[in-house]
Amino acid sequence: MVEIWLPYGRTEVVARIPSENLLAVVDAKERPAVDDPTAEITRALDNPVGSRKLEEIAKPEDRVAIVVDDATRPTPGSLMVFPILEKLGLAGVKDEDVSIIIGRGIHRPTRPNEYPALIGENALKRVRVTDHDCDAEDLVYVGDTSRRTKVSLNKVFMEADIKILTGDLGFHYYAGYGGGRKSVLPAIASRASIQHNHGFLSEPGSRTGNLEGNPAHLDMEEAAHLANVDFAVNVILNAENRIVKAFAGDIESVFIEGVKLVDEMYKVPVESMADIVVTSPGGYPFDIDLYQAYKAVDSALGAVKNGGVVVLVAECSEGYGDKVFYEWMKEYKTLEEVEKRIRRKFVIGGHKAYYLLKALDRVKIILVSTMPDHYAKNIFKLRTAKSVNLALKSALEVTGNGSKVLVLPHGSSILPVLRQA
């Protein structure tokens, strides 16, 4: 018997898998975190890629807007903002001319107790902070992309003289990768802009770890060009959500360099497909709700046989996480019905219903969470289990006692790739 600890919320649970069943535990090619994350971010700021230094770009009277990730991301914004403020100070920029925007896209509003972790106590005392509202009446229209997305963005951001993006860079299930341009669209965009962009998710090129011919990514990239971003700071995190490396400078150069490191760390080869994949999104905040936790299922699909079982170990302390996701899962019973609705009128949140039903068309999913069975079973069509080991027992009953089991402890972060492919 092999014991494997899986992140679950802010704690861990243990999966006990018979040795003869265990195919592999697949995780990132881990890199140690830097000893001093502030020093690492400062190093990146002092050595920008494809750009002048921030203190050479900014001028004393400039108004500056800095976008930070919201609470659904593990980005250590509190570590990133202070070094940026220090560089702006060297350029003579006053604190009262700096605004920080929490780029939450269509996610829930940021709670007051979340601000310190996202921005840092020091920065909260020094500069203005606003929570982006995708339905605000004062959003600024900046133009159309070649894919006909009408791009409207946060007014504070667009009125700034210096526009700075921050974030973490990792895999994304339809944009290919997070980071970079995603801090514009969807982070500070209008609901209509986000909805139109997300409509590309059903196209073949829109998939995890792919940029070539990816319409969602290319559309986001055009939106970032329309925004005239001046500078970007992105970090790569390890499995403990600690900084491995930081990149700063031109938004596209930062993104390209970051993607190389993400692939090196998180594209992980597997020898063969498994009958059962046990996956955790990676704990909080990746499993804050089912809407976020689905990303781990997306990774598991790359390593599980058709007709197999995915055991999703996700606390889901905030339930299902999105009203439209819930409504679509309640209203539509088949994948075909959702596909028709997407073609007719796409609505944000509905894309998770599309992905979940598409996954359920291929595999069975057993959820281990705190979510009531009424929602998990009746609405989201998932099987449930009270513990990961009871879930594994149920999975083996479906696929057979001789089944091979693959474990993904950080399923939201890694991308299993079949070696012969």
# chains A, B, ... in the order shown; residues from 1 in each chain; ligands from 1

$ residues_around --residues "Val81 in chain A" --least-positions-apart "3" --cutoff "9 Å" --atoms "only C-alpha atoms" --output "PyMOL selection string"
chain A and resi 66+68+77-78+84-86+100+118-120+123+166

$ select_by_dssp --residues "range 190-395 of chain A" --states "strand (DSSP E or B)" --output "MDAnalysis selection string"
chainID A and resid 231:237 243:249 267:270 274:279 304:313 364:368 383:384

$ write_last_selection --atoms "C-alpha atoms" --output "PDB file, in the first residue's frame"
ATOM      1  CA  PHE A 231       5.305  47.102 -18.525  1.00  0.00           C
ATOM      2  CA  ALA A 232       4.588  43.638 -17.126  1.00  0.00           C
ATOM      3  CA  VAL A 233       5.833  41.606 -14.179  1.00  0.00           C
ATOM      4  CA  ASN A 234       5.035  37.878 -14.110  1.00  0.00           C
ATOM      5  CA  VAL A 235       6.205  35.184 -11.712  1.00  0.00           C
ATOM      6  CA  ILE A 236       6.453  31.411 -12.045  1.00  0.00           C
ATOM      7  CA  LEU A 237       5.412  29.526  -8.912  1.00  0.00           C
ATOM      8  CA  ILE A 243       8.278  32.147  -6.474  1.00  0.00           C
ATOM      9  CA  VAL A 244      10.772  30.233  -8.612  1.00  0.00           C
ATOM     10  CA  LYS A 245      11.582  33.050 -11.002  1.00  0.00           C
ATOM     11  CA  ALA A 246      10.315  36.498 -11.964  1.00  0.00           C
ATOM     12  CA  PHE A 247      10.272  38.186 -15.370  1.00  0.00           C
ATOM     13  CA  ALA A 248       9.750  41.893 -16.018  1.00  0.00           C
ATOM     14  CA  GLY A 249       9.656  44.174 -19.042  1.00  0.00           C
ATOM     15  CA  LYS A 267       4.625  19.685 -19.060  1.00  0.00           C
ATOM     16  CA  VAL A 268       5.141  16.215 -17.654  1.00  0.00           C
ATOM     17  CA  PRO A 269       5.386  13.055 -19.803  1.00  0.00           C
ATOM     18  CA  VAL A 270       3.388   9.949 -18.878  1.00  0.00           C
ATOM     19  CA  ALA A 274      -4.530   5.206 -16.767  1.00  0.00           C
ATOM     20  CA  ASP A 275      -7.867   3.601 -15.952  1.00  0.00           C
ATOM     21  CA  ILE A 276      -8.265   5.937 -12.974  1.00  0.00           C
ATOM     22  CA  VAL A 277      -6.773   9.367 -12.344  1.00  0.00           C
ATOM     23  CA  VAL A 278      -6.880  10.764  -8.814  1.00  0.00           C
ATOM     24  CA  THR A 279      -6.341  14.514  -8.982  1.00  0.00           C
ATOM     25  CA  VAL A 304      -7.184   8.827 -18.457  1.00  0.00           C
ATOM     26  CA  LYS A 305      -8.636   6.249 -20.839  1.00  0.00           C
ATOM     27  CA  ASN A 306     -12.042   6.725 -22.421  1.00  0.00           C
ATOM     28  CA  GLY A 307     -14.597   5.195 -20.055  1.00  0.00           C
ATOM     29  CA  GLY A 308     -12.239   5.600 -17.118  1.00  0.00           C
ATOM     30  CA  VAL A 309     -12.734   7.424 -13.831  1.00  0.00           C
ATOM     31  CA  VAL A 310     -11.449  10.762 -12.555  1.00  0.00           C
ATOM     32  CA  VAL A 311     -11.457  11.218  -8.776  1.00  0.00           C
ATOM     33  CA  LEU A 312     -11.499  14.967  -8.093  1.00  0.00           C
ATOM     34  CA  VAL A 313     -10.304  15.800  -4.572  1.00  0.00           C
ATOM     35  CA  LYS A 364     -17.033   9.198 -14.876  1.00  0.00           C
ATOM     36  CA  ILE A 365     -16.130  11.781 -12.239  1.00  0.00           C
ATOM     37  CA  ILE A 366     -16.240  11.167  -8.479  1.00  0.00           C
ATOM     38  CA  LEU A 367     -16.046  14.320  -6.350  1.00  0.00           C
ATOM     39  CA  VAL A 368     -14.585  14.396  -2.845  1.00  0.00           C
ATOM     40  CA  ARG A 383     -20.758  10.934  -8.274  1.00  0.00           C
ATOM     41  CA  THR A 384     -19.617  11.714  -4.746  1.00  0.00           C
TER      42      THR A 384
END

$ residues_around --residues "range 315-331 of chain A" --least-positions-apart "6" --cutoff "9 Å" --atoms "only C-alpha atoms" --output "PyMOL selection string"
chain A and resi 8-10+107-108+283-284+287-293+338+347-354+356-357+368-372+375-376+378-381

$ select_by_dssp --residues "range 180-361 of chain A" --states "helix (DSSP H, G or I)" --output "ChimeraX atom specification"
/A:180-183,191-202,215-227,251-266,290-300,323-331,335-344,350-360

$ residues_around --residues "Lys94 in chain A" --least-positions-apart "2" --cutoff "12 Å" --atoms "only C-alpha atoms" --output "ChimeraX atom specification"
/A:58-64,85-92,96-99,126-128

$ write_last_selection --atoms "N, CA and C atoms" --output "PDB file, in the first residue's frame"
ATOM      1  N   ALA A  58       8.873  55.767 -16.488  1.00  0.00           N
ATOM      2  CA  ALA A  58       7.978  56.667 -15.755  1.00  0.00           C
ATOM      3  C   ALA A  58       8.620  58.032 -15.534  1.00  0.00           C
ATOM      4  N   LYS A  59       7.750  59.048 -15.387  1.00  0.00           N
ATOM      5  CA  LYS A  59       8.186  60.420 -15.099  1.00  0.00           C
ATOM      6  C   LYS A  59       7.444  60.930 -13.862  1.00  0.00           C
ATOM      7  N   PRO A  60       7.974  61.957 -13.200  1.00  0.00           N
ATOM      8  CA  PRO A  60       7.416  62.411 -11.918  1.00  0.00           C
ATOM      9  C   PRO A  60       5.917  62.699 -11.910  1.00  0.00           C
ATOM     10  N   GLU A  61       5.374  63.264 -12.969  1.00  0.00           N
ATOM     11  CA  GLU A  61       3.957  63.651 -12.952  1.00  0.00           C
ATOM     12  C   GLU A  61       3.031  62.570 -13.510  1.00  0.00           C
ATOM     13  N   ASP A  62       3.570  61.420 -13.854  1.00  0.00           N
ATOM     14  CA  ASP A  62       2.755  60.361 -14.455  1.00  0.00           C
ATOM     15  C   ASP A  62       1.743  59.781 -13.471  1.00  0.00           C
ATOM     16  N   ARG A  63       0.560  59.474 -14.007  1.00  0.00           N
ATOM     17  CA  ARG A  63      -0.413  58.663 -13.276  1.00  0.00           C
ATOM     18  C   ARG A  63      -0.163  57.199 -13.661  1.00  0.00           C
ATOM     19  N   VAL A  64      -0.126  56.329 -12.657  1.00  0.00           N
ATOM     20  CA  VAL A  64       0.245  54.933 -12.885  1.00  0.00           C
ATOM     21  C   VAL A  64      -0.886  54.006 -12.418  1.00  0.00           C
ATOM     22  N   LEU A  85       6.509  49.792  -6.549  1.00  0.00           N
ATOM     23  CA  LEU A  85       6.347  51.131  -5.983  1.00  0.00           C
ATOM     24  C   LEU A  85       7.704  51.781  -5.709  1.00  0.00           C
ATOM     25  N   GLU A  86       8.662  50.973  -5.286  1.00  0.00           N
ATOM     26  CA  GLU A  86       9.998  51.506  -5.020  1.00  0.00           C
ATOM     27  C   GLU A  86      10.631  52.037  -6.311  1.00  0.00           C
ATOM     28  N   LYS A  87      10.491  51.308  -7.393  1.00  0.00           N
ATOM     29  CA  LYS A  87      11.058  51.756  -8.675  1.00  0.00           C
ATOM     30  C   LYS A  87      10.350  53.011  -9.183  1.00  0.00           C
ATOM     31  N   LEU A  88       9.028  53.054  -9.002  1.00  0.00           N
ATOM     32  CA  LEU A  88       8.289  54.242  -9.406  1.00  0.00           C
ATOM     33  C   LEU A  88       8.732  55.448  -8.573  1.00  0.00           C
ATOM     34  N   GLY A  89       9.019  55.197  -7.305  1.00  0.00           N
ATOM     35  CA  GLY A  89       9.515  56.269  -6.450  1.00  0.00           C
ATOM     36  C   GLY A  89      10.834  56.826  -6.934  1.00  0.00           C
ATOM     37  N   LEU A  90      11.697  55.952  -7.445  1.00  0.00           N
ATOM     38  CA  LEU A  90      12.985  56.409  -7.993  1.00  0.00           C
ATOM     39  C   LEU A  90      12.785  57.331  -9.193  1.00  0.00           C
ATOM     40  N   ALA A  91      11.665  57.121  -9.899  1.00  0.00           N
ATOM     41  CA  ALA A  91      11.360  57.964 -11.067  1.00  0.00           C
ATOM     42  C   ALA A  91      10.665  59.255 -10.665  1.00  0.00           C
ATOM     43  N   GLY A  92      10.377  59.395  -9.370  1.00  0.00           N
ATOM     44  CA  GLY A  92       9.723  60.603  -8.898  1.00  0.00           C
ATOM     45  C   GLY A  92       8.209  60.542  -8.888  1.00  0.00           C
ATOM     46  N   GLU A  96       0.274  59.193  -4.410  1.00  0.00           N
ATOM     47  CA  GLU A  96      -1.111  59.591  -4.685  1.00  0.00           C
ATOM     48  C   GLU A  96      -1.462  59.518  -6.167  1.00  0.00           C
ATOM     49  N   ASP A  97      -0.456  59.333  -7.017  1.00  0.00           N
ATOM     50  CA  ASP A  97      -0.701  59.195  -8.450  1.00  0.00           C
ATOM     51  C   ASP A  97      -0.717  57.734  -8.912  1.00  0.00           C
ATOM     52  N   VAL A  98      -0.670  56.813  -7.944  1.00  0.00           N
ATOM     53  CA  VAL A  98      -0.656  55.383  -8.270  1.00  0.00           C
ATOM     54  C   VAL A  98      -1.986  54.750  -7.858  1.00  0.00           C
ATOM     55  N   SER A  99      -2.573  53.964  -8.756  1.00  0.00           N
ATOM     56  CA  SER A  99      -3.801  53.205  -8.475  1.00  0.00           C
ATOM     57  C   SER A  99      -3.550  51.726  -8.733  1.00  0.00           C
ATOM     58  N   ARG A 126      -0.504  53.215   1.234  1.00  0.00           N
ATOM     59  CA  ARG A 126       0.157  54.218   0.406  1.00  0.00           C
ATOM     60  C   ARG A 126      -0.631  54.650  -0.829  1.00  0.00           C
ATOM     61  N   VAL A 127      -1.341  53.709  -1.468  1.00  0.00           N
ATOM     62  CA  VAL A 127      -1.953  54.014  -2.767  1.00  0.00           C
ATOM     63  C   VAL A 127      -3.434  53.644  -2.798  1.00  0.00           C
ATOM     64  N   ARG A 128      -4.130  54.148  -3.821  1.00  0.00           N
ATOM     65  CA  ARG A 128      -5.551  53.827  -4.006  1.00  0.00           C
ATOM     66  C   ARG A 128      -5.698  52.412  -4.556  1.00  0.00           C
TER      67      ARG A 128
END

$ residues_around --residues "range 151-165 of chain A" --least-positions-apart "6" --cutoff "9 Å" --atoms "only C-alpha atoms" --output "PyMOL selection string"
chain A and resi 57-58+62-68+98-101+130+132-134+136+138-145+180-181+183-185+188-194+223+226-234+251

$ write_last_selection --atoms "C-alpha atoms" --output "compact mmCIF listing (two decimals), in the first residue's frame"
# COMPACT_ATOMS: atom_id res chain seq x y z
CA ILE A 57 9.90 54.81 -18.47
CA ALA A 58 7.98 56.67 -15.75
CA ASP A 62 2.75 60.36 -14.46
CA ARG A 63 -0.41 58.66 -13.28
CA VAL A 64 0.24 54.93 -12.88
CA ALA A 65 -2.17 51.97 -12.85
CA ILE A 66 -1.07 48.52 -11.67
CA VAL A 67 -3.26 45.46 -12.25
CA VAL A 68 -3.02 42.62 -9.71
CA VAL A 98 -0.66 55.38 -8.27
CA SER A 99 -3.80 53.20 -8.47
CA ILE A 100 -3.94 49.46 -8.00
CA ILE A 101 -6.73 47.60 -9.79
CA THR A 130 -10.09 49.61 -6.73
CA HIS A 132 -12.58 46.06 -11.20
CA ASP A 133 -16.27 45.88 -12.12
CA CYS A 134 -16.95 44.30 -15.51
CA ALA A 136 -19.34 49.43 -14.67
CA ASP A 138 -17.61 54.08 -17.24
CA LEU A 139 -15.59 51.38 -19.02
CA VAL A 140 -13.59 52.74 -21.95
CA TYR A 141 -14.05 51.30 -25.45
CA VAL A 142 -10.60 50.91 -27.07
CA GLY A 143 -11.43 49.18 -30.35
CA ASP A 144 -12.25 45.84 -31.98
CA THR A 145 -9.97 42.84 -32.41
CA GLY A 180 0.60 38.36 -19.65
CA ARG A 181 -2.31 39.46 -21.82
CA SER A 183 -4.37 40.64 -17.09
CA VAL A 184 -6.13 42.83 -19.68
CA LEU A 185 -8.73 40.44 -21.12
CA ILE A 188 -10.05 44.38 -16.50
CA ALA A 189 -12.45 44.01 -19.42
CA SER A 190 -16.21 44.40 -19.78
CA ARG A 191 -18.55 41.47 -19.42
CA ALA A 192 -19.42 41.69 -23.13
CA SER A 193 -15.72 41.64 -24.12
CA ILE A 194 -15.08 38.62 -21.89
CA ALA A 223 -6.79 43.30 -26.69
CA LEU A 226 -5.21 47.93 -27.86
CA ALA A 227 -4.63 48.71 -24.18
CA ASN A 228 -1.07 49.96 -24.84
CA VAL A 229 0.49 48.20 -21.84
CA ASP A 230 3.82 49.73 -20.82
CA PHE A 231 5.31 47.10 -18.52
CA ALA A 232 4.59 43.64 -17.13
CA VAL A 233 5.83 41.61 -14.18
CA ASN A 234 5.03 37.88 -14.11
CA ILE A 251 4.52 42.21 -22.02

$ residues_around --residues "Glu339 in chain A" --least-positions-apart "3" --cutoff "10 Å" --atoms "only C-alpha atoms" --output "mmCIF file with C-alpha atoms, in the first residue's frame"
data_model
loop_
_atom_site.group_PDB
_atom_site.id
_atom_site.type_symbol
_atom_site.label_atom_id
_atom_site.label_comp_id
_atom_site.auth_asym_id
_atom_site.auth_seq_id
_atom_site.Cartn_x
_atom_site.Cartn_y
_atom_site.Cartn_z
ATOM 1 C CA SER A 202 -15.044 25.434 -28.151
ATOM 2 C CA TYR A 332 -29.250 21.564 -20.007
ATOM 3 C CA THR A 334 -26.738 16.980 -22.673
ATOM 4 C CA LEU A 335 -23.560 18.263 -24.273
ATOM 5 C CA GLU A 336 -25.424 18.829 -27.520
ATOM 6 C CA ILE A 342 -23.056 28.440 -27.006
ATOM 7 C CA ARG A 343 -23.510 28.908 -30.754
ATOM 8 C CA ARG A 344 -26.751 30.837 -30.192
ATOM 9 C CA PHE A 346 -22.604 32.501 -25.169
ATOM 10 C CA GLY A 350 -21.687 28.521 -19.374
ATOM 11 C CA HIS A 351 -18.285 27.468 -20.669
ATOM 12 C CA ALA A 353 -20.954 23.595 -18.116
ATOM 13 C CA TYR A 354 -19.726 22.855 -21.635
ATOM 14 C CA LYS A 358 -17.838 17.183 -22.404
#

$ closest_residue --among "A:Phe82, A:Phe200, A:Phe171, A:Phe255" --to "Asp298 in chain A" --atoms "only C-alpha atoms"
A:Phe171

$ atom_distance --atom1 "CA of Ala24 in chain A" --atom2 "CA of Thr11 in chain A"
22.6 Å

$ closest_residue --among "A:Leu418, A:Met265, A:Leu22, A:Val129" --to "Asp95 in chain A" --atoms "only C-alpha atoms"
A:Val129

$ atom_distance --atom1 "CA of Pro116 in chain A" --atom2 "CA of Arg242 in chain A"
17.1 Å

$ closest_atom_pairs --of "range 178-262 of chain A" --to "range 405-411 of chain A" --cutoff "12 Å" --atoms "only C-alpha atoms" --output "CSV"
residue,atom,partner,partner_atom,distance
A:Asn238,CA,A:His410,CA,10.1
A:Ala239,CA,A:His410,CA,7.0
A:Glu240,CA,A:His410,CA,9.8
A:Asn241,CA,A:His410,CA,10.8

$ atom_distance --atom1 "CA of Gly103 in chain A" --atom2 "CA of Gly282 in chain A"
22.1 Å

$ decode --residues "range 57-84 of chain A" --atoms "N, CA and C atoms" --output "short mmCIF file (atom, residue, chain, number, x, y, z; two decimals), in the first residue's frame"
data_model
loop_
_atom_site.label_atom_id
_atom_site.label_comp_id
_atom_site.auth_asym_id
_atom_site.auth_seq_id
_atom_site.Cartn_x
_atom_site.Cartn_y
_atom_site.Cartn_z
N ILE A 57 11.12 54.59 -17.68
CA ILE A 57 9.90 54.81 -18.47
C ILE A 57 9.01 55.86 -17.81
N ALA A 58 8.87 55.77 -16.49
CA ALA A 58 7.98 56.67 -15.75
C ALA A 58 8.62 58.03 -15.53
N LYS A 59 7.75 59.05 -15.39
CA LYS A 59 8.19 60.42 -15.10
C LYS A 59 7.44 60.93 -13.86
N PRO A 60 7.97 61.96 -13.20
CA PRO A 60 7.42 62.41 -11.92
C PRO A 60 5.92 62.70 -11.91
N GLU A 61 5.37 63.26 -12.97
CA GLU A 61 3.96 63.65 -12.95
C GLU A 61 3.03 62.57 -13.51
N ASP A 62 3.57 61.42 -13.85
CA ASP A 62 2.75 60.36 -14.46
C ASP A 62 1.74 59.78 -13.47
N ARG A 63 0.56 59.47 -14.01
CA ARG A 63 -0.41 58.66 -13.28
C ARG A 63 -0.16 57.20 -13.66
N VAL A 64 -0.13 56.33 -12.66
CA VAL A 64 0.24 54.93 -12.88
C VAL A 64 -0.89 54.01 -12.42
N ALA A 65 -1.20 53.00 -13.23
CA ALA A 65 -2.17 51.97 -12.85
C ALA A 65 -1.48 50.61 -12.87
N ILE A 66 -1.67 49.85 -11.80
CA ILE A 66 -1.07 48.52 -11.67
C ILE A 66 -2.19 47.51 -11.49
N VAL A 67 -2.26 46.51 -12.36
CA VAL A 67 -3.26 45.46 -12.25
C VAL A 67 -2.67 44.29 -11.47
N VAL A 68 -3.42 43.80 -10.46
CA VAL A 68 -3.02 42.62 -9.71
C VAL A 68 -4.10 41.56 -9.83
N ASP A 69 -3.74 40.30 -9.63
CA ASP A 69 -4.70 39.21 -9.70
C ASP A 69 -5.64 39.21 -8.50
N ASP A 70 -6.81 38.58 -8.68
CA ASP A 70 -7.76 38.50 -7.57
C ASP A 70 -7.51 37.24 -6.74
N ALA A 71 -8.42 36.96 -5.81
CA ALA A 71 -8.20 35.89 -4.83
C ALA A 71 -8.32 34.49 -5.40
N THR A 72 -8.75 34.35 -6.67
CA THR A 72 -8.83 33.02 -7.26
C THR A 72 -7.48 32.54 -7.77
N ARG A 73 -6.49 33.42 -7.76
CA ARG A 73 -5.15 33.07 -8.21
C ARG A 73 -4.20 33.04 -7.00
N PRO A 74 -3.15 32.23 -7.06
CA PRO A 74 -2.20 32.17 -5.95
C PRO A 74 -1.09 33.22 -6.05
N THR A 75 -1.23 34.16 -6.97
CA THR A 75 -0.20 35.16 -7.22
C THR A 75 0.16 35.92 -5.94
N PRO A 76 1.42 35.99 -5.59
CA PRO A 76 1.83 36.72 -4.39
C PRO A 76 1.92 38.22 -4.65
N GLY A 77 0.77 38.83 -4.89
CA GLY A 77 0.74 40.25 -5.20
C GLY A 77 1.36 41.11 -4.12
N SER A 78 1.20 40.68 -2.87
CA SER A 78 1.75 41.46 -1.75
C SER A 78 3.26 41.56 -1.83
N LEU A 79 3.91 40.59 -2.50
CA LEU A 79 5.36 40.63 -2.67
C LEU A 79 5.76 41.41 -3.91
N MET A 80 4.85 41.54 -4.86
CA MET A 80 5.19 42.13 -6.15
C MET A 80 4.99 43.65 -6.18
N VAL A 81 3.98 44.12 -5.46
CA VAL A 81 3.63 45.53 -5.56
C VAL A 81 4.70 46.44 -4.96
N PHE A 82 5.21 46.08 -3.79
CA PHE A 82 6.15 46.96 -3.09
C PHE A 82 7.40 47.27 -3.92
N PRO A 83 8.09 46.27 -4.53
CA PRO A 83 9.26 46.59 -5.36
C PRO A 83 8.91 47.50 -6.55
N ILE A 84 7.71 47.33 -7.09
CA ILE A 84 7.29 48.19 -8.20
C ILE A 84 7.12 49.63 -7.71
#
